[in-house]
$ cat data.tsv   # TSV, C-alpha atoms and all ligand atoms
chain	number	residue	atom	x	y	z
A	1162	MET	CA	77.32	85.51	113.04
A	1163	ALA	CA	80.47	85.82	110.98
A	1164	LYS	CA	83.57	86.54	113.07
A	1165	THR	CA	86.85	88.22	112.17
A	1166	GLY	CA	90.05	87.66	114.09
A	1167	THR	CA	93.58	86.43	114.48
A	1168	ILE	CA	94.32	83.19	116.31
A	1169	VAL	CA	97.69	81.80	117.36
A	1170	ILE	CA	97.91	78.09	118.13
A	1171	ASP	CA	100.97	76.98	120.08
A	1172	PRO	CA	101.88	73.27	120.00
A	1173	GLY	CA	103.86	72.76	123.19
A	1174	HIS	CA	107.52	71.63	123.22
A	1175	GLY	CA	109.41	70.33	120.13
A	1176	GLY	CA	112.90	69.57	118.91
A	1177	GLN	CA	115.66	67.86	120.87
A	1178	VAL	CA	116.87	70.44	123.40
A	1179	GLU	CA	115.45	73.01	125.79
A	1180	VAL	CA	115.11	76.49	124.29
A	1181	GLY	CA	114.16	79.57	126.31
A	1182	ASP	CA	112.54	77.62	129.16
A	1183	SER	CA	110.63	75.41	126.71
A	1184	SER	CA	111.59	71.78	127.25
A	1185	ALA	CA	111.88	69.56	124.16
A	1186	ASN	CA	109.31	67.19	125.59
A	1187	ASN	CA	107.51	66.61	128.85
A	1188	ALA	CA	104.93	63.84	129.03
A	1189	ILE	CA	105.29	60.46	127.30
A	1190	SER	CA	102.30	58.22	126.66
A	1191	ALA	CA	102.11	54.69	128.02
A	1192	SER	CA	102.97	53.33	124.54
A	1193	GLY	CA	105.77	55.86	124.01
A	1194	VAL	CA	104.09	58.64	122.03
A	1195	LEU	CA	105.72	61.97	122.88
A	1196	GLU	CA	103.72	64.97	124.03
A	1197	LYS	CA	105.51	67.21	121.50
A	1198	ASN	CA	104.16	65.10	118.65
A	1199	ILE	CA	100.63	64.93	120.05
A	1200	THR	CA	100.53	68.71	120.46
A	1201	LEU	CA	101.77	69.37	116.92
A	1202	ARG	CA	99.33	66.89	115.44
A	1203	MET	CA	96.48	68.49	117.40
A	1204	ALA	CA	97.51	71.99	116.30
A	1205	PHE	CA	97.38	70.90	112.64
A	1206	LEU	CA	93.93	69.38	113.18
A	1207	VAL	CA	92.61	72.51	114.92
A	1208	ARG	CA	93.89	74.72	112.10
A	1209	GLU	CA	92.23	72.44	109.54
A	1210	GLN	CA	88.94	72.62	111.43
A	1211	LEU	CA	89.18	76.40	111.77
A	1212	ILE	CA	89.67	76.69	108.00
A	1213	ASN	CA	86.71	74.38	107.36
A	1214	LEU	CA	84.42	76.26	109.74
A	1215	ALA	CA	85.50	79.62	108.35
A	1216	ALA	CA	84.68	78.48	104.82
A	1217	ALA	CA	81.32	77.05	105.86
A	1218	GLU	CA	80.22	79.93	108.10
A	1219	GLY	CA	81.90	82.95	106.51
A	1220	HIS	CA	84.43	83.81	109.22
A	1221	GLN	CA	87.53	85.82	108.33
A	1222	LEU	CA	90.32	84.17	110.27
A	1223	THR	CA	94.06	84.70	110.28
A	1224	ILE	CA	95.71	81.65	111.84
A	1225	PHE	CA	99.31	81.24	112.99
A	1226	LEU	CA	101.04	78.19	114.42
A	1227	THR	CA	104.09	78.90	116.58
A	1228	ARG	CA	105.78	75.88	115.00
A	1229	GLU	CA	104.93	73.55	112.13
A	1230	SER	CA	107.63	70.93	112.54
A	1231	ASP	CA	109.65	69.17	115.25
A	1232	ILE	CA	111.54	72.25	116.40
A	1233	ASN	CA	111.60	74.01	119.75
A	1234	ILE	CA	110.96	77.71	120.36
A	1235	GLY	CA	111.43	79.62	123.61
A	1236	LEU	CA	108.34	80.45	125.68
A	1237	ALA	CA	108.69	84.21	125.25
A	1238	ALA	CA	109.20	83.82	121.49
A	1239	ARG	CA	106.02	81.75	121.22
A	1240	ALA	CA	103.99	84.39	123.03
A	1241	LYS	CA	105.60	87.15	121.00
A	1242	ILE	CA	104.13	85.70	117.80
A	1243	ALA	CA	100.72	86.66	119.24
A	1244	LYS	CA	101.92	90.15	120.18
A	1245	THR	CA	103.57	90.82	116.81
A	1246	ASN	CA	100.48	89.76	114.91
A	1247	LYS	CA	98.04	91.49	117.30
A	1248	ALA	CA	96.31	88.18	117.90
A	1249	HIS	CA	92.92	88.14	119.59
A	1250	LEU	CA	93.45	84.63	120.93
A	1251	PHE	CA	96.46	82.53	121.90
A	1252	LEU	CA	95.93	78.85	122.63
A	1253	SER	CA	98.82	76.73	123.85
A	1254	ILE	CA	98.22	72.98	123.56
A	1255	HIS	CA	99.87	70.53	125.97
A	1256	CYS	CA	99.37	67.09	127.53
A	1257	ASN	CA	99.90	66.13	131.14
A	1258	GLY	CA	101.67	63.34	132.98
A	1259	SER	CA	101.84	62.47	136.67
A	1260	ILE	CA	104.49	60.88	138.85
A	1261	GLY	CA	102.35	57.86	139.68
A	1262	HIS	CA	100.99	57.62	136.12
A	1263	ASN	CA	97.53	57.43	137.68
A	1264	ALA	CA	95.96	60.89	137.23
A	1265	ARG	CA	93.22	61.77	134.77
A	1266	GLY	CA	91.53	64.84	133.49
A	1267	THR	CA	91.50	67.98	131.41
A	1268	GLU	CA	92.55	71.37	132.76
A	1269	THR	CA	93.08	74.82	131.31
A	1270	LEU	CA	95.59	77.28	132.75
A	1271	ILE	CA	95.64	81.07	132.70
A	1272	SER	CA	98.06	83.69	133.95
A	1273	PRO	CA	97.31	84.73	137.58
A	1274	LEU	CA	96.42	88.29	138.59
A	1275	ALA	CA	99.54	88.23	140.76
A	1276	ASP	CA	101.65	87.89	137.59
A	1277	GLY	CA	100.29	91.23	136.41
A	1278	ASN	CA	97.70	89.72	134.09
A	1279	THR	CA	95.72	92.76	132.96
A	1280	ASN	CA	92.91	90.81	131.31
A	1281	HIS	CA	92.47	87.98	133.81
A	1282	ALA	CA	88.65	87.92	133.65
A	1283	ALA	CA	88.69	87.83	129.85
A	1284	ASP	CA	91.30	85.06	129.90
A	1285	GLN	CA	89.15	83.13	132.37
A	1286	ALA	CA	86.06	83.33	130.14
A	1287	PHE	CA	88.11	82.24	127.10
A	1288	ALA	CA	89.73	79.40	129.04
A	1289	GLN	CA	86.35	78.15	130.25
A	1290	LEU	CA	85.15	77.81	126.64
A	1291	ILE	CA	88.30	75.83	125.79
A	1292	GLN	CA	88.01	73.70	128.93
A	1293	ASN	CA	84.35	72.87	128.24
A	1294	ALA	CA	85.11	72.02	124.62
A	1295	VAL	CA	87.84	69.50	125.42
A	1296	PHE	CA	86.25	68.02	128.53
A	1297	ASN	CA	82.82	67.55	126.96
A	1298	THR	CA	84.34	65.92	123.88
A	1299	ILE	CA	86.45	63.49	125.90
A	1300	LYS	CA	83.45	62.79	128.16
A	1301	SER	CA	81.38	61.90	125.09
A	1302	HIS	CA	83.91	59.16	124.31
A	1303	ASP	CA	84.95	58.12	127.83
A	1304	ALA	CA	82.88	58.07	131.02
A	1305	ASN	CA	86.08	58.41	133.08
A	1306	ALA	CA	86.81	61.89	131.75
A	1307	LYS	CA	87.51	64.32	134.57
A	1308	ASP	CA	86.94	68.07	134.62
A	1309	ARG	CA	89.87	69.62	136.50
A	1310	GLY	CA	88.67	73.09	135.60
A	1311	VAL	CA	90.31	76.42	134.81
A	1312	LYS	CA	93.25	77.28	137.07
A	1313	ASP	CA	95.69	80.11	137.63
A	1314	GLN	CA	99.27	79.08	136.98
A	1315	SER	CA	102.39	81.14	136.42
A	1316	LEU	CA	103.70	80.10	132.99
A	1317	GLY	CA	106.18	81.96	130.81
A	1318	VAL	CA	104.19	81.42	127.65
A	1319	LEU	CA	101.14	83.16	129.16
A	1320	LYS	CA	102.82	86.26	130.57
A	1321	ASP	CA	101.52	89.64	129.42
A	1322	LYS	CA	105.05	91.00	129.06
A	1323	HIS	CA	105.53	88.58	126.15
A	1324	LEU	CA	101.94	88.37	124.86
A	1325	GLY	CA	100.94	91.98	125.19
A	1326	THR	CA	97.88	93.04	127.14
A	1327	THR	CA	95.15	92.62	124.54
A	1328	THR	CA	95.57	88.96	123.56
A	1329	ARG	CA	93.39	86.55	125.50
A	1330	ALA	CA	95.44	83.47	126.29
A	1331	CYS	CA	95.23	80.05	127.89
A	1332	LEU	CA	97.06	76.73	127.94
A	1333	VAL	CA	95.04	73.55	127.72
A	1334	GLU	CA	96.33	70.27	129.15
A	1335	LEU	CA	94.26	67.86	127.08
A	1336	GLU	CA	94.66	64.79	129.31
A	1337	PHE	CA	97.21	62.75	131.26
A	1338	ILE	CA	98.70	60.76	128.41
A	1339	ASP	CA	100.79	58.52	130.67
A	1340	MET	CA	97.58	56.72	131.73
A	1341	LYS	CA	97.07	53.62	129.62
A	1342	ALA	CA	93.34	54.31	129.18
A	1343	VAL	CA	94.13	57.79	127.85
A	1344	ASP	CA	96.79	56.42	125.52
A	1345	VAL	CA	94.18	54.05	124.08
A	1346	LEU	CA	91.67	56.88	123.85
A	1347	LEU	CA	93.92	59.44	122.14
A	1348	ASN	CA	96.79	57.56	120.51
A	1349	ILE	CA	96.53	53.86	119.87
A	1350	GLY	CA	92.90	52.74	120.22
A	1351	PRO	CA	90.66	51.95	117.23
A	1352	ASN	CA	88.66	55.13	117.84
A	1353	SER	CA	91.62	57.44	118.61
A	1354	LEU	CA	91.62	59.22	115.25
A	1355	GLN	CA	87.94	60.08	115.67
A	1356	VAL	CA	88.50	61.29	119.25
A	1357	ARG	CA	91.35	63.56	118.16
A	1358	PHE	CA	89.26	64.86	115.29
A	1359	ASP	CA	86.33	65.57	117.61
A	1360	ILE	CA	88.59	67.40	120.10
A	1361	ALA	CA	90.02	69.53	117.29
A	1362	LYS	CA	86.58	70.37	115.97
A	1363	SER	CA	85.31	71.36	119.40
A	1364	LEU	CA	88.42	73.49	119.98
A	1365	ALA	CA	87.91	75.23	116.63
A	1366	LYS	CA	84.27	75.96	117.49
A	1367	ALA	CA	85.27	77.32	120.89
A	1368	LEU	CA	87.96	79.56	119.36
A	1369	ILE	CA	85.50	81.02	116.88
A	1370	GLU	CA	82.90	81.50	119.62
A	1371	ALA	CA	85.52	83.33	121.69
A	1372	LEU	CA	86.37	85.82	118.94
B	1401	ZN	ZN	103.75	70.29	128.07

$ encode --input "data.tsv" --output "structure tokens" --more "lines below"
Ligand SMILES: [Zn+2]
Amino acid sequence: MAKTGTIVIDPGHGGQVEVGDSSANNAISASGVLEKNITLRMAFLVREQLINLAAAEGHQLTIFLTRESDINIGLAARAKIAKTNKAHLFLSIHCNGSIGHNARGTETLISPLADGNTNHAADQAFAQLIQNAVFNTIKSHDANAKDRGVKDQSLGVLKDKHLGTTTRACLVELEFIDMKAVDVLLNIGPNSLQVRFDIAKSLAKALIEAL
């Protein structure tokens, strides 16, 4: 079935300084690749896959990226791009890190009911599609993939007051990039380009399914 809709993809972080509660970078991979660069690269790949799928399957998509270069934008301003353009879906892309550099897994975050999220159930269903897409793709390449599930978390970029009440929104933490095995999988290993491509394709499919 051909779908019509507006999708905003938000590559987390960017630039050199914090802007509007958005830090320039958070996680750093074991080999030194910055989260802000991984998220931007993934956003470009997802857009490319959305365009390819739309052409092949007849979908009418309007796609926005909150940034297309190494710049930072405040959290509210990112969300507002969805509100201004009456987006159906807002997907923020991030990577995780842990203090002991020993955690693994994919998780997807949504705004809690307690934050005044007026479409929590719809966000949850959308986030589950995104979570399944990323986790299943990583699992197909790596038996140590871990499904950390969909979770409520209070995040500025997901707040209804910035997004509006009709956009479904979630934030995916692709993996813990400070684990060496994940760095090999996503950044520096011989198969990393294919893994990133497969994640982008699965995310694009999930976004279209969610419309
Ligand atoms: Zn982040």

$ residues_around --input "data.tsv" --residues "Leu1211 (chain A)" --least-positions-apart "5" --cutoff "9 Å" --atoms "only C-alpha atoms" --output "ChimeraX atom specification"
/A:1206,1216,1222,1224,1361-1362,1364-1366,1368-1369

$ closest_atom_pairs --input "data.tsv" --of "chain A" --to "ligand ZN 1401 (chain B)" --cutoff "6 Å" --atoms "all atoms listed in the file" --output "JSON lines"
{"residue": "A:Gly1173", "atom": "CA", "partner": "B:ZN1401", "partner_atom": "ZN", "distance": 5.5}
{"residue": "A:Asn1187", "atom": "CA", "partner": "B:ZN1401", "partner_atom": "ZN", "distance": 5.3}
{"residue": "A:His1255", "atom": "CA", "partner": "B:ZN1401", "partner_atom": "ZN", "distance": 4.4}
{"residue": "A:Cys1256", "atom": "CA", "partner": "B:ZN1401", "partner_atom": "ZN", "distance": 5.5}

$ closest_residue --input "data.tsv" --among "A:Val1345, A:Ala1275, A:Ile1170, A:Ala1243" --to "Glu1209 (chain A)" --atoms "all atoms listed in the file"
A:Ile1170

$ residues_around --input "data.tsv" --residues "region 1295-1299 of chain A" --least-positions-apart "3" --cutoff "8 Å" --atoms "all atoms listed in the file" --output "PyMOL selection string"
chain A and resi 1266-1267+1291-1292+1302-1303+1306-1308+1335+1356+1359-1360+1363-1364

$ closest_residue --input "data.tsv" --among "A:Asn1348, A:Thr1165, A:Ser1353, A:Gln1210" --to "Ser1192 (chain A)" --atoms "all atoms listed in the file"
A:Asn1348

$ closest_residue --input "data.tsv" --among "A:Asp1284, A:Asp1231, A:Glu1370, A:Glu1196" --to "Leu1214 (chain A)" --atoms "all atoms listed in the file"
A:Glu1370

$ closest_residue --input "data.tsv" --among "A:Asp1171, A:Ala1367, A:Ser1184, A:Ser1190" --to "Leu1347 (chain A)" --atoms "all atoms listed in the file"
A:Ser1190

$ closest_residue --input "data.tsv" --among "A:Asn1280, A:Gln1221, A:Asn1186, A:Thr1269" --to "Ala1294 (chain A)" --atoms "all atoms listed in the file"
A:Thr1269

$ atom_distance --input "data.tsv" --atom1 "CA of Lys1320 (chain A)" --atom2 "CA of Ile1199 (chain A)"
23.9 Å

$ closest_residue --input "data.tsv" --among "A:Asp1276, A:Leu1319, A:Thr1245, A:Leu1346" --to "Ser1301 (chain A)" --atoms "only C-alpha atoms"
A:Leu1346

$ residues_around --input "data.tsv" --residues "His1249 (chain A)" --least-positions-apart "2" --cutoff "8 Å" --atoms "all atoms listed in the file" --output "list in words"
Gly1166, Thr1167, Ile1168, Ala1243, Lys1247, Phe1251, Thr1327, Thr1328, Arg1329 and Leu1372 of chain A

$ residues_around --input "data.tsv" --residues "Glu1179 (chain A)" --least-positions-apart "6" --cutoff "10 Å" --atoms "only C-alpha atoms" --output "PyMOL selection string"
chain A and resi 1185-1186+1233-1235

$ write_last_selection --input "data.tsv" --atoms "C-alpha atoms" --output "tab-separated table (two decimals), keeping the file's coordinate frame"
chain	number	residue	atom	x	y	z
A	1185	ALA	CA	111.88	69.56	124.16
A	1186	ASN	CA	109.31	67.19	125.59
A	1233	ASN	CA	111.60	74.01	119.75
A	1234	ILE	CA	110.96	77.71	120.36
A	1235	GLY	CA	111.43	79.62	123.61

$ residues_around --input "data.tsv" --residues "His1262 (chain A)" --least-positions-apart "4" --cutoff "12 Å" --atoms "all atoms listed in the file" --output "ChimeraX atom specification"
/A:1188-1191,1257-1258,1336-1344

$ atom_distance --input "data.tsv" --atom1 "CA of Glu1334 (chain A)" --atom2 "CA of Ile1254 (chain A)"
6.5 Å

$ build_atoms --input "data.tsv" --residues "region 1259-1275 of chain A" --atoms "N, CA, C and O atoms" --output "CSV table (one decimal), in the frame of the given file"
chain,number,residue,atom,x,y,z
A,1259,SER,N,101.7,62.4,135.2
A,1259,SER,CA,101.8,62.5,136.7
A,1259,SER,C,102.9,61.5,137.2
A,1259,SER,O,103.2,60.5,136.5
A,1260,ILE,N,103.4,61.7,138.3
A,1260,ILE,CA,104.5,60.9,138.8
A,1260,ILE,C,104.0,59.4,139.0
A,1260,ILE,O,104.8,58.5,138.6
A,1261,GLY,N,102.8,59.2,139.5
A,1261,GLY,CA,102.4,57.9,139.7
A,1261,GLY,C,101.7,57.3,138.4
A,1261,GLY,O,101.2,56.1,138.4
A,1262,HIS,N,101.7,58.0,137.4
A,1262,HIS,CA,101.0,57.6,136.1
A,1262,HIS,C,99.6,57.2,136.4
A,1262,HIS,O,99.1,56.2,135.8
A,1263,ASN,N,98.9,57.9,137.3
A,1263,ASN,CA,97.5,57.4,137.7
A,1263,ASN,C,96.5,58.6,137.7
A,1263,ASN,O,95.4,58.4,138.3
A,1264,ALA,N,96.9,59.8,137.2
A,1264,ALA,CA,96.0,60.9,137.2
A,1264,ALA,C,95.2,61.0,135.9
A,1264,ALA,O,95.7,60.6,134.9
A,1265,ARG,N,94.0,61.6,136.0
A,1265,ARG,CA,93.2,61.8,134.8
A,1265,ARG,C,92.7,63.2,134.7
A,1265,ARG,O,92.5,63.8,135.8
A,1266,GLY,N,92.3,63.6,133.6
A,1266,GLY,CA,91.5,64.8,133.5
A,1266,GLY,C,92.1,65.9,132.6
A,1266,GLY,O,93.2,65.9,132.1
A,1267,THR,N,91.2,66.9,132.3
A,1267,THR,CA,91.5,68.0,131.4
A,1267,THR,C,91.5,69.2,132.3
A,1267,THR,O,90.7,69.4,133.1
A,1268,GLU,N,92.5,70.1,132.1
A,1268,GLU,CA,92.6,71.4,132.8
A,1268,GLU,C,93.1,72.5,131.8
A,1268,GLU,O,93.8,72.2,130.9
A,1269,THR,N,92.7,73.7,132.1
A,1269,THR,CA,93.1,74.8,131.3
A,1269,THR,C,93.6,75.9,132.2
A,1269,THR,O,93.0,76.2,133.2
A,1270,LEU,N,94.8,76.4,131.9
A,1270,LEU,CA,95.6,77.3,132.8
A,1270,LEU,C,95.6,78.7,132.2
A,1270,LEU,O,95.7,78.9,131.0
A,1271,ILE,N,95.5,79.7,133.1
A,1271,ILE,CA,95.6,81.1,132.7
A,1271,ILE,C,96.6,81.8,133.6
A,1271,ILE,O,96.9,81.3,134.7
A,1272,SER,N,97.1,82.9,133.2
A,1272,SER,CA,98.1,83.7,134.0
A,1272,SER,C,97.4,84.3,135.2
A,1272,SER,O,96.3,85.0,135.0
A,1273,PRO,N,97.9,84.2,136.4
A,1273,PRO,CA,97.3,84.7,137.6
A,1273,PRO,C,97.4,86.3,137.6
A,1273,PRO,O,98.2,86.9,137.0
A,1274,LEU,N,96.4,86.8,138.4
A,1274,LEU,CA,96.4,88.3,138.6
A,1274,LEU,C,97.8,88.7,139.2
A,1274,LEU,O,98.3,89.8,138.8
A,1275,ALA,N,98.3,87.9,140.1
A,1275,ALA,CA,99.5,88.2,140.8
A,1275,ALA,C,100.7,88.3,139.8
A,1275,ALA,O,101.7,88.9,140.1
